[in-house]
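Source file: target-v1.cif; contents: mmCIF, C-alpha atoms and all ligand atoms.
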```cif
data_upload
#
loop_
_atom_site.label_atom_id
_atom_site.label_comp_id
_atom_site.auth_asym_id
_atom_site.auth_seq_id
_atom_site.Cartn_x
_atom_site.Cartn_y
_atom_site.Cartn_z
CA MET U 990 -31.12 51.20 77.11
CA ALA U 991 -30.92 48.51 79.72
CA GLN U 992 -32.78 45.23 79.58
CA LEU U 993 -35.33 45.19 82.37
CA LEU U 994 -34.89 42.40 84.93
CA ASP U 995 -38.58 41.70 85.40
CA GLY U 996 -38.95 40.29 88.91
CA ARG U 997 -42.72 40.42 88.76
CA SER U 998 -42.92 38.08 85.76
CA LEU U 999 -40.21 35.78 87.07
CA ALA U 1000 -41.99 35.57 90.45
CA LYS U 1001 -45.05 34.25 88.61
CA VAL U 1002 -42.88 31.49 87.11
CA VAL U 1003 -41.41 30.63 90.51
CA ASN U 1004 -44.86 30.65 92.14
CA ALA U 1005 -46.22 28.33 89.42
CA GLU U 1006 -43.32 25.93 90.11
CA THR U 1007 -44.02 26.14 93.84
CA LYS U 1008 -47.70 25.43 93.32
CA GLN U 1009 -46.84 22.28 91.34
CA ARG U 1010 -44.42 21.13 94.01
CA VAL U 1011 -47.10 21.70 96.67
CA ALA U 1012 -49.53 19.61 94.60
CA ALA U 1013 -46.98 16.79 94.43
CA LEU U 1014 -46.67 16.88 98.23
CA THR U 1015 -50.44 17.04 98.67
CA ASP U 1016 -50.69 13.84 96.59
CA ARG U 1017 -48.60 12.29 99.36
CA HIS U 1018 -51.01 13.76 101.96
CA ILE U 1019 -48.46 16.37 103.00
CA THR U 1020 -49.40 20.04 103.29
CA PRO U 1021 -46.35 22.30 103.68
CA GLY U 1022 -46.82 24.71 106.58
CA ILE U 1023 -45.26 28.04 107.49
CA ALA U 1024 -45.61 29.77 110.87
CA VAL U 1025 -45.07 33.52 111.02
CA ILE U 1026 -44.29 34.90 114.47
CA MET U 1027 -45.41 38.47 114.95
CA VAL U 1028 -45.18 40.52 118.14
CA GLY U 1029 -47.27 43.68 118.55
CA ASP U 1030 -49.27 45.55 115.93
CA ASP U 1031 -46.73 47.35 113.73
CA PRO U 1032 -48.87 48.42 110.72
CA ALA U 1033 -46.20 47.65 108.09
CA SER U 1034 -45.60 44.20 109.61
CA MET U 1035 -49.34 43.53 109.53
CA ILE U 1036 -49.38 44.26 105.79
CA TYR U 1037 -46.30 42.10 105.12
CA THR U 1038 -47.62 39.16 107.12
CA ARG U 1039 -51.05 39.42 105.50
CA ASN U 1040 -49.43 39.41 102.04
CA LYS U 1041 -47.42 36.33 102.97
CA GLU U 1042 -50.52 34.55 104.25
CA LYS U 1043 -52.42 35.40 101.07
CA LYS U 1044 -49.62 34.17 98.81
CA ALA U 1045 -49.21 30.97 100.85
CA ARG U 1046 -52.93 30.25 100.58
CA GLN U 1047 -52.87 30.84 96.80
CA LEU U 1048 -50.11 28.24 96.48
CA GLY U 1049 -51.70 25.65 98.77
CA ILE U 1050 -49.29 26.21 101.66
CA LYS U 1051 -50.73 26.25 105.18
CA SER U 1052 -49.92 29.57 106.84
CA VAL U 1053 -50.25 30.05 110.58
CA LEU U 1054 -49.96 33.53 112.06
CA LYS U 1055 -48.66 33.38 115.63
CA HIS U 1056 -49.56 36.84 116.85
CA TYR U 1057 -48.39 37.82 120.33
CA PRO U 1058 -48.98 40.91 122.48
CA ILE U 1059 -46.24 43.56 122.48
CA GLU U 1060 -45.38 42.84 126.14
CA ILE U 1061 -44.62 39.12 125.68
CA ASP U 1062 -41.42 38.11 127.50
CA GLN U 1063 -38.42 36.21 126.16
CA ALA U 1064 -39.09 32.95 128.02
CA SER U 1065 -42.68 32.73 126.78
CA LEU U 1066 -41.63 33.33 123.17
CA MET U 1067 -38.82 30.77 123.48
CA ASN U 1068 -41.46 28.25 124.61
CA GLU U 1069 -43.64 29.13 121.63
CA ILE U 1070 -40.72 28.56 119.25
CA ALA U 1071 -39.97 25.22 120.91
CA ALA U 1072 -43.60 24.21 120.39
CA LEU U 1073 -43.40 25.12 116.68
CA ASN U 1074 -40.12 23.18 116.37
CA ASN U 1075 -42.00 20.13 117.70
CA ASP U 1076 -45.12 20.67 115.59
CA ASP U 1077 -44.94 18.21 112.71
CA SER U 1078 -47.40 20.21 110.59
CA ILE U 1079 -44.98 23.19 110.53
CA ASP U 1080 -42.07 23.06 108.07
CA ALA U 1081 -40.94 26.68 108.17
CA ILE U 1082 -40.78 29.26 110.95
CA MET U 1083 -40.07 32.96 110.53
CA ILE U 1084 -39.98 35.92 112.88
CA GLN U 1085 -41.46 39.14 111.55
CA LYS U 1086 -39.42 42.20 112.45
CA PRO U 1087 -39.36 44.64 114.19
CA LEU U 1088 -39.43 43.07 117.65
CA PRO U 1089 -39.91 45.07 120.86
CA LYS U 1090 -36.79 45.96 122.84
CA GLN U 1091 -37.29 43.50 125.69
CA LEU U 1092 -36.77 40.58 123.29
CA ASN U 1093 -33.37 39.17 122.37
CA GLU U 1094 -33.68 38.54 118.65
CA THR U 1095 -30.42 36.62 118.32
CA GLU U 1096 -31.48 34.12 120.99
CA LEU U 1097 -34.86 33.67 119.32
CA ILE U 1098 -33.35 32.99 115.89
CA ASP U 1099 -30.86 30.58 117.44
CA ALA U 1100 -33.80 28.73 119.01
CA ILE U 1101 -35.46 27.98 115.65
CA ASP U 1102 -34.78 24.45 114.41
CA PRO U 1103 -32.25 25.00 111.56
CA ALA U 1104 -34.29 22.52 109.49
CA LYS U 1105 -37.32 24.84 109.83
CA ASP U 1106 -35.45 28.12 109.28
CA ALA U 1107 -37.64 29.86 106.67
CA ASP U 1108 -35.42 32.97 106.44
CA GLY U 1109 -32.06 31.20 106.45
CA PHE U 1110 -30.92 33.37 109.38
CA HIS U 1111 -29.92 30.58 111.77
CA PRO U 1112 -26.13 30.71 112.31
CA LEU U 1113 -25.78 27.07 111.27
CA ASN U 1114 -27.33 27.85 107.87
CA VAL U 1115 -25.39 31.11 107.53
CA GLY U 1116 -22.22 29.14 108.29
CA LYS U 1117 -23.03 26.55 105.63
CA LEU U 1118 -23.55 29.34 103.09
CA PHE U 1119 -20.23 30.99 103.92
CA ASP U 1120 -18.57 27.56 103.84
CA ASN U 1121 -20.10 27.06 100.37
CA GLN U 1122 -21.46 23.69 101.39
CA THR U 1123 -23.41 21.83 98.75
CA GLY U 1124 -26.49 21.67 100.96
CA PRO U 1125 -29.36 21.51 101.05
CA TYR U 1126 -29.89 24.43 103.44
CA PRO U 1127 -32.05 27.56 103.41
CA VAL U 1128 -30.64 31.00 102.54
CA SER U 1129 -31.98 34.49 103.06
CA CYS U 1130 -34.90 35.00 100.67
CA THR U 1131 -34.02 38.36 99.10
CA PRO U 1132 -30.52 37.18 98.02
CA ARG U 1133 -32.03 33.88 96.91
CA GLY U 1134 -34.43 35.82 94.68
CA ILE U 1135 -31.61 37.96 93.30
CA MET U 1136 -29.59 34.88 92.36
CA ARG U 1137 -32.63 33.46 90.56
CA ILE U 1138 -32.96 36.72 88.59
CA LEU U 1139 -29.26 36.63 87.63
CA ARG U 1140 -29.54 32.98 86.59
CA HIS U 1141 -32.74 33.52 84.63
CA TYR U 1142 -31.26 36.39 82.62
CA GLN U 1143 -27.97 34.51 82.20
CA ILE U 1144 -25.83 37.25 83.70
CA PRO U 1145 -22.24 35.93 83.74
CA LEU U 1146 -21.02 35.62 87.32
CA SER U 1147 -17.74 33.72 87.11
CA GLY U 1148 -14.91 36.23 87.11
CA ALA U 1149 -17.32 39.18 87.20
CA ARG U 1150 -16.57 42.11 89.49
CA ALA U 1151 -19.43 42.55 91.92
CA VAL U 1152 -19.91 45.39 94.37
CA VAL U 1153 -22.50 45.03 97.12
CA ILE U 1154 -23.60 48.16 98.98
CA GLY U 1155 -24.79 47.33 102.50
CA ARG U 1156 -23.69 44.51 104.80
CA SER U 1157 -26.87 43.47 106.61
CA ILE U 1158 -27.33 39.79 107.49
CA LEU U 1159 -30.63 40.02 105.60
CA VAL U 1160 -29.23 41.15 102.24
CA GLY U 1161 -25.65 42.40 101.90
CA LYS U 1162 -23.68 39.61 103.56
CA PRO U 1163 -25.60 36.65 102.12
CA ILE U 1164 -25.67 38.05 98.56
CA ALA U 1165 -21.92 38.69 98.84
CA ALA U 1166 -21.46 35.05 99.91
CA LEU U 1167 -23.69 33.71 97.12
CA LEU U 1168 -21.87 35.77 94.48
CA THR U 1169 -18.51 34.67 95.90
CA ASN U 1170 -19.65 31.04 95.78
CA ALA U 1171 -20.58 31.65 92.12
CA ASP U 1172 -16.95 32.72 91.48
CA ALA U 1173 -17.55 36.46 91.22
CA THR U 1174 -14.96 38.79 92.76
CA VAL U 1175 -16.94 40.59 95.42
CA THR U 1176 -16.39 43.87 97.27
CA LEU U 1177 -18.75 44.19 100.23
CA THR U 1178 -19.15 47.82 101.30
CA ASN U 1179 -20.71 49.67 104.23
CA ARG U 1180 -21.38 53.22 105.38
CA HIS U 1181 -17.69 53.71 106.29
CA THR U 1182 -16.38 52.69 102.87
CA LYS U 1183 -14.07 55.31 101.37
CA ASP U 1184 -14.50 56.29 97.72
CA LEU U 1185 -17.59 54.12 97.34
CA LYS U 1186 -18.43 55.58 93.93
CA LYS U 1187 -14.98 54.71 92.61
CA LEU U 1188 -15.74 51.08 93.46
CA THR U 1189 -19.25 51.11 92.01
CA ARG U 1190 -17.95 52.45 88.70
CA GLU U 1191 -15.81 49.30 88.34
CA ALA U 1192 -18.65 46.88 89.03
CA ASP U 1193 -19.99 44.50 86.39
CA ILE U 1194 -22.70 43.64 88.91
CA LEU U 1195 -23.88 46.27 91.38
CA VAL U 1196 -26.20 45.24 94.21
CA VAL U 1197 -27.54 48.21 96.14
CA ALA U 1198 -29.01 47.54 99.60
CA ALA U 1199 -28.15 50.62 101.64
CA GLY U 1200 -31.66 51.86 102.38
CA ILE U 1201 -30.91 55.34 100.97
CA THR U 1202 -33.22 56.79 98.32
CA HIS U 1203 -31.41 57.30 94.99
CA LEU U 1204 -27.93 56.74 96.43
CA ILE U 1205 -26.81 55.62 92.98
CA ASP U 1206 -27.11 57.65 89.79
CA GLN U 1207 -25.75 57.37 86.26
CA ALA U 1208 -22.25 58.64 87.10
CA ASP U 1209 -21.80 55.80 89.62
CA VAL U 1210 -22.47 52.98 87.17
CA LYS U 1211 -20.16 51.33 84.65
CA PRO U 1212 -21.81 51.32 81.20
CA GLY U 1213 -23.35 47.91 80.55
CA ALA U 1214 -23.36 46.89 84.22
CA THR U 1215 -26.09 44.79 85.83
CA VAL U 1216 -27.78 46.86 88.53
CA ILE U 1217 -29.83 45.18 91.24
CA ASP U 1218 -31.82 47.61 93.38
CA VAL U 1219 -32.92 46.17 96.72
CA GLY U 1220 -33.99 49.46 98.31
CA MET U 1221 -37.63 50.23 98.87
CA HIS U 1222 -38.88 53.69 99.78
CA ARG U 1223 -42.30 55.32 99.69
CA LEU U 1224 -42.12 58.84 98.23
CA ASP U 1225 -44.36 61.71 99.35
CA ASN U 1226 -46.44 61.24 96.21
CA GLY U 1227 -47.17 57.65 97.34
CA LYS U 1228 -44.98 56.01 94.69
CA LEU U 1229 -42.36 53.39 95.52
CA THR U 1230 -38.74 53.94 94.56
CA GLY U 1231 -35.37 52.37 95.26
CA ASP U 1232 -31.76 53.08 96.23
CA VAL U 1233 -31.05 53.60 92.52
CA ASP U 1234 -32.26 56.55 90.47
CA PHE U 1235 -33.85 54.28 87.86
CA ASP U 1236 -34.60 56.89 85.17
CA ASP U 1237 -31.05 58.23 85.34
CA VAL U 1238 -29.27 54.85 85.42
CA GLU U 1239 -31.44 52.88 83.00
CA PRO U 1240 -29.95 54.44 79.81
CA VAL U 1241 -26.38 53.33 80.72
CA ALA U 1242 -26.92 50.02 82.52
CA GLY U 1243 -26.91 46.70 80.67
CA HIS U 1244 -29.57 45.18 82.91
CA ILE U 1245 -31.55 46.73 85.75
CA THR U 1246 -34.27 45.77 88.23
CA PRO U 1247 -37.16 48.22 88.57
CA VAL U 1248 -38.72 49.28 91.89
CA PRO U 1249 -41.42 48.16 92.26
CA GLY U 1250 -41.49 44.93 90.25
CA GLY U 1251 -37.89 43.78 90.66
CA VAL U 1252 -36.40 42.27 93.80
CA GLY U 1253 -39.56 42.68 95.95
CA PRO U 1254 -41.84 40.11 94.27
CA MET U 1255 -38.93 37.66 94.05
CA THR U 1256 -38.39 37.85 97.82
CA ILE U 1257 -41.86 36.59 98.70
CA ALA U 1258 -41.79 34.01 95.88
CA SER U 1259 -38.46 32.78 97.29
CA LEU U 1260 -39.91 32.51 100.80
CA MET U 1261 -42.71 30.31 99.48
CA ALA U 1262 -40.31 28.17 97.42
CA GLN U 1263 -38.04 27.82 100.44
CA THR U 1264 -40.97 26.70 102.62
CA VAL U 1265 -41.61 23.90 100.14
CA ASP U 1266 -37.87 23.07 100.05
CA LEU U 1267 -37.89 22.71 103.83
CA ALA U 1268 -40.99 20.50 103.67
CA GLU U 1269 -39.40 18.26 101.04
CA TRP U 1270 -36.05 18.01 102.81
CA ARG U 1271 -37.53 17.27 106.21
CA ARG U 1272 -40.21 14.87 105.07
CA ASN U 1273 -38.10 13.02 102.52
CA GLY U 1274 -35.26 12.79 105.00
P1 LIG A 1301 -29.97 47.79 106.87
O1 LIG A 1301 -30.37 49.16 107.31
O2 LIG A 1301 -29.99 46.66 107.83
O3 LIG A 1301 -28.52 47.87 106.26
C1 LIG A 1301 -28.10 48.90 105.46
C2 LIG A 1301 -26.64 48.71 105.17
O4 LIG A 1301 -26.22 49.71 104.26
C3 LIG A 1301 -25.72 48.81 106.39
O5 LIG A 1301 -24.82 47.72 106.35
C4 LIG A 1301 -24.95 50.13 106.16
O6 LIG A 1301 -23.61 50.07 106.62
C5 LIG A 1301 -24.99 50.24 104.65
N1 LIG A 1301 -24.91 51.62 104.17
C6 LIG A 1301 -25.65 52.66 104.55
N2 LIG A 1301 -25.26 53.77 103.89
C7 LIG A 1301 -24.23 53.40 103.09
C8 LIG A 1301 -23.41 54.10 102.19
N3 LIG A 1301 -23.56 55.40 101.98
N4 LIG A 1301 -22.45 53.41 101.55
C9 LIG A 1301 -22.28 52.08 101.76
N5 LIG A 1301 -23.06 51.38 102.60
C10 LIG A 1301 -24.01 52.04 103.26
O7 LIG A 1301 -30.86 47.50 105.58
P2 LIG A 1301 -31.35 46.13 104.87
O8 LIG A 1301 -32.27 45.40 105.77
O9 LIG A 1301 -30.20 45.41 104.27
O10 LIG A 1301 -32.24 46.78 103.71
C11 LIG A 1301 -31.69 47.71 102.78
C12 LIG A 1301 -32.79 48.26 101.91
O11 LIG A 1301 -33.40 47.20 101.20
C13 LIG A 1301 -33.94 48.94 102.64
O12 LIG A 1301 -34.41 50.01 101.83
C14 LIG A 1301 -35.00 47.88 102.74
O13 LIG A 1301 -36.30 48.42 102.80
C15 LIG A 1301 -34.79 47.16 101.46
N6 LIG A 1301 -35.16 45.74 101.47
C16 LIG A 1301 -35.97 45.32 100.46
C17 LIG A 1301 -36.31 43.98 100.36
C18 LIG A 1301 -37.15 43.53 99.22
O14 LIG A 1301 -37.66 42.44 99.25
N7 LIG A 1301 -37.27 44.33 98.18
C19 LIG A 1301 -35.85 43.07 101.30
C20 LIG A 1301 -35.02 43.52 102.32
C21 LIG A 1301 -34.68 44.86 102.38
#
```

Transcribe the structure of this file into structure tokens.
Ligand code: NAD
Amino acid sequence: MAQLLDGRSLAKVVNAETKQRVAALTDRHITPGIAVIMVGDDPASMIYTRNKEKKARQLGIKSVLKHYPIEIDQASLMNEIAALNNDDSIDAIMIQKPLPKQLNETELIDAIDPAKDADGFHPLNVGKLFDNQTGPYPVSCTPRGIMRILRHYQIPLSGARAVVIGRSILVGKPIAALLTNADATVTLTNRHTKDLKKLTREADILVVAAGITHLIDQADVKPGATVIDVGMHRLDNGKLTGDVDFDDVEPVAGHITPVPGGVGPMTIASLMAQTVDLAEWRRNG
């Protein structure tokens, strides 16, 4: 039976740390601030942004929702980002996806001040990560949370064979870079990968971020492996599940994250911690 990698409990620890760090800043009359840019009324995005606002408030972080109509044009949004870059009360800026088609997401992300890049998506910060620079710089929050889980549970990384399924800039690529920087030997796969399951069966660490319900079952996992399930899917019965068939894999894995209660809570806790990082770096600088 695998040891459960309990992201929900660890997120509480991270949030308690963040709250203390916020208090230390407040003593210096500094309130860390995050601005969330949202365009249109996508119901899932509304829930995500509301959850972020709630968590920020709980931790003493100022959260500003910049909510724009679905028809906003590129130039107007670029101006809004410039204003946030110049707003000294804002330490972190993030853009909630999805964005409507008329907007050029790449240009918008490039326009965010890299020192206020809450999601770590700005190419300068991505470049620093891939260059394994010592920092400080922000990194994508889901991979950041995964690394904290691996560290907390003392999963050996140096020399380990890691397989990452999915190559998004949000999850797959940055976690592959972080694991590489931690001296793991990483195979980064995508939907065109041949013999994927042959690769997964050799992995000491398997990170699954394909967005396919139960892509991975017991036969795909090396006994004793650490399995990190990033996927999130709502089943017809209303329950949440992941890219990994948890009940099937759990008996053979060494360590495994549940869904829900694994990577998800660590992502939002990491976003809050990163907001405070950005506040400290910018205001101590
Ligand atoms: P994405 O759709 O941007 O990327 C999916 C990637 O998986 C692509 O690179 C694709 O090539 C690859 N892929 C698809 N099928 C594959 C296959 N059969 N074999 C190998 N690779 C395959 O997705 P994303 O944004 O990286 O998110 C992935 C999943 O993680 C989604 O379910 C998403 O909801 C979830 N997610 C959860 C959190 C969290 O906090 N828990 C955060 C981000 C994403």

TODO: Compute the set of protein, DNA and RNA residues whose minimum atom distance to ligand LIG 1301 (chain A) is at most 7 Å, using only C-alpha atoms and all ligand atoms, and state it as number ranges by chain.
DONE: U: 1131, 1154-1157, 1159-1161, 1178-1182, 1185, 1198-1201, 1219-1222, 1232, 1252-1254, 1256

TODO: In Å, rounded to a single decimal, give me how far atom CA of Arg997 of chain U is from atom CA of Ile1138 of chain U.
DONE: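 Taking atom CA of Ile1138 of chain U as the start and atom CA of Arg997 of chain U as the end point, the length is 10.4 Å.
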
Task: Proximity to Val1248 of chain U - best of U:Asp1218, U:Asp1076, U:Asp1016, U:Asp1225, all atoms listed in the file - done: U:Asp1218

Open item on the list: What's around Leu1113 of chain U at 12 Å? Count only C-alpha atoms, leave out sequence neighbours fewer than 3 positions away in its own chain, and write the answer as an NGL selection string.
Closed with: :U and (1098-1106 or 1109-1110 or 1116-1120 or 1122 or 1124 or 1126-1128)

- [ ] Calculate how many Å separate atom CA of Phe1235 of chain U from atom CA of Asp1206 of chain U, rounding to one decimal.
- [x]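 Pair atom CA of Phe1235 of chain U / atom CA of Asp1206 of chain U returns 7.8 Å.
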
Output requested as a PDB file, in the coordinates of the input - segment 1162-1176 of chain U, filled out with N, CA and C atoms.
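Okay, this is what ended up in result_35.pdb:
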```
ATOM      1  N   LYS U1162     -24.628  40.715 103.315  1.00  0.00           N
ATOM      2  CA  LYS U1162     -23.680  39.610 103.560  1.00  0.00           C
ATOM      3  C   LYS U1162     -24.047  38.344 102.799  1.00  0.00           C
ATOM      4  N   PRO U1163     -25.315  37.896 102.864  1.00  0.00           N
ATOM      5  CA  PRO U1163     -25.600  36.650 102.120  1.00  0.00           C
ATOM      6  C   PRO U1163     -25.481  36.797 100.600  1.00  0.00           C
ATOM      7  N   ILE U1164     -25.830  37.955 100.029  1.00  0.00           N
ATOM      8  CA  ILE U1164     -25.670  38.050  98.560  1.00  0.00           C
ATOM      9  C   ILE U1164     -24.186  38.085  98.219  1.00  0.00           C
ATOM     10  N   ALA U1165     -23.368  38.697  99.085  1.00  0.00           N
ATOM     11  CA  ALA U1165     -21.920  38.690  98.840  1.00  0.00           C
ATOM     12  C   ALA U1165     -21.395  37.250  98.878  1.00  0.00           C
ATOM     13  N   ALA U1166     -21.899  36.447  99.819  1.00  0.00           N
ATOM     14  CA  ALA U1166     -21.460  35.050  99.910  1.00  0.00           C
ATOM     15  C   ALA U1166     -21.919  34.252  98.685  1.00  0.00           C
ATOM     16  N   LEU U1167     -23.169  34.454  98.280  1.00  0.00           N
ATOM     17  CA  LEU U1167     -23.690  33.710  97.120  1.00  0.00           C
ATOM     18  C   LEU U1167     -22.921  34.061  95.847  1.00  0.00           C
ATOM     19  N   LEU U1168     -22.629  35.343  95.671  1.00  0.00           N
ATOM     20  CA  LEU U1168     -21.870  35.770  94.480  1.00  0.00           C
ATOM     21  C   LEU U1168     -20.436  35.230  94.534  1.00  0.00           C
ATOM     22  N   THR U1169     -19.853  35.238  95.731  1.00  0.00           N
ATOM     23  CA  THR U1169     -18.510  34.670  95.900  1.00  0.00           C
ATOM     24  C   THR U1169     -18.526  33.187  95.554  1.00  0.00           C
ATOM     25  N   ASN U1170     -19.538  32.478  96.064  1.00  0.00           N
ATOM     26  CA  ASN U1170     -19.650  31.040  95.780  1.00  0.00           C
ATOM     27  C   ASN U1170     -19.839  30.777  94.287  1.00  0.00           C
ATOM     28  N   ALA U1171     -20.389  31.783  93.571  1.00  0.00           N
ATOM     29  CA  ALA U1171     -20.580  31.650  92.120  1.00  0.00           C
ATOM     30  C   ALA U1171     -19.356  32.176  91.358  1.00  0.00           C
ATOM     31  N   ASP U1172     -18.248  32.364  92.076  1.00  0.00           N
ATOM     32  CA  ASP U1172     -16.950  32.720  91.480  1.00  0.00           C
ATOM     33  C   ASP U1172     -16.851  34.159  90.980  1.00  0.00           C
ATOM     34  N   ALA U1173     -17.747  35.033  91.471  1.00  0.00           N
ATOM     35  CA  ALA U1173     -17.550  36.460  91.220  1.00  0.00           C
ATOM     36  C   ALA U1173     -16.490  36.985  92.193  1.00  0.00           C
ATOM     37  N   THR U1174     -15.911  38.133  91.852  1.00  0.00           N
ATOM     38  CA  THR U1174     -14.960  38.790  92.760  1.00  0.00           C
ATOM     39  C   THR U1174     -15.718  39.922  93.446  1.00  0.00           C
ATOM     40  N   VAL U1175     -15.943  39.757  94.751  1.00  0.00           N
ATOM     41  CA  VAL U1175     -16.940  40.590  95.420  1.00  0.00           C
ATOM     42  C   VAL U1175     -16.298  41.604  96.374  1.00  0.00           C
ATOM     43  N   THR U1176     -16.747  42.834  96.280  1.00  0.00           N
ATOM     44  CA  THR U1176     -16.390  43.870  97.270  1.00  0.00           C
ATOM     45  C   THR U1176     -17.657  44.187  98.055  1.00  0.00           C
TER      46      THR U1176
END
```
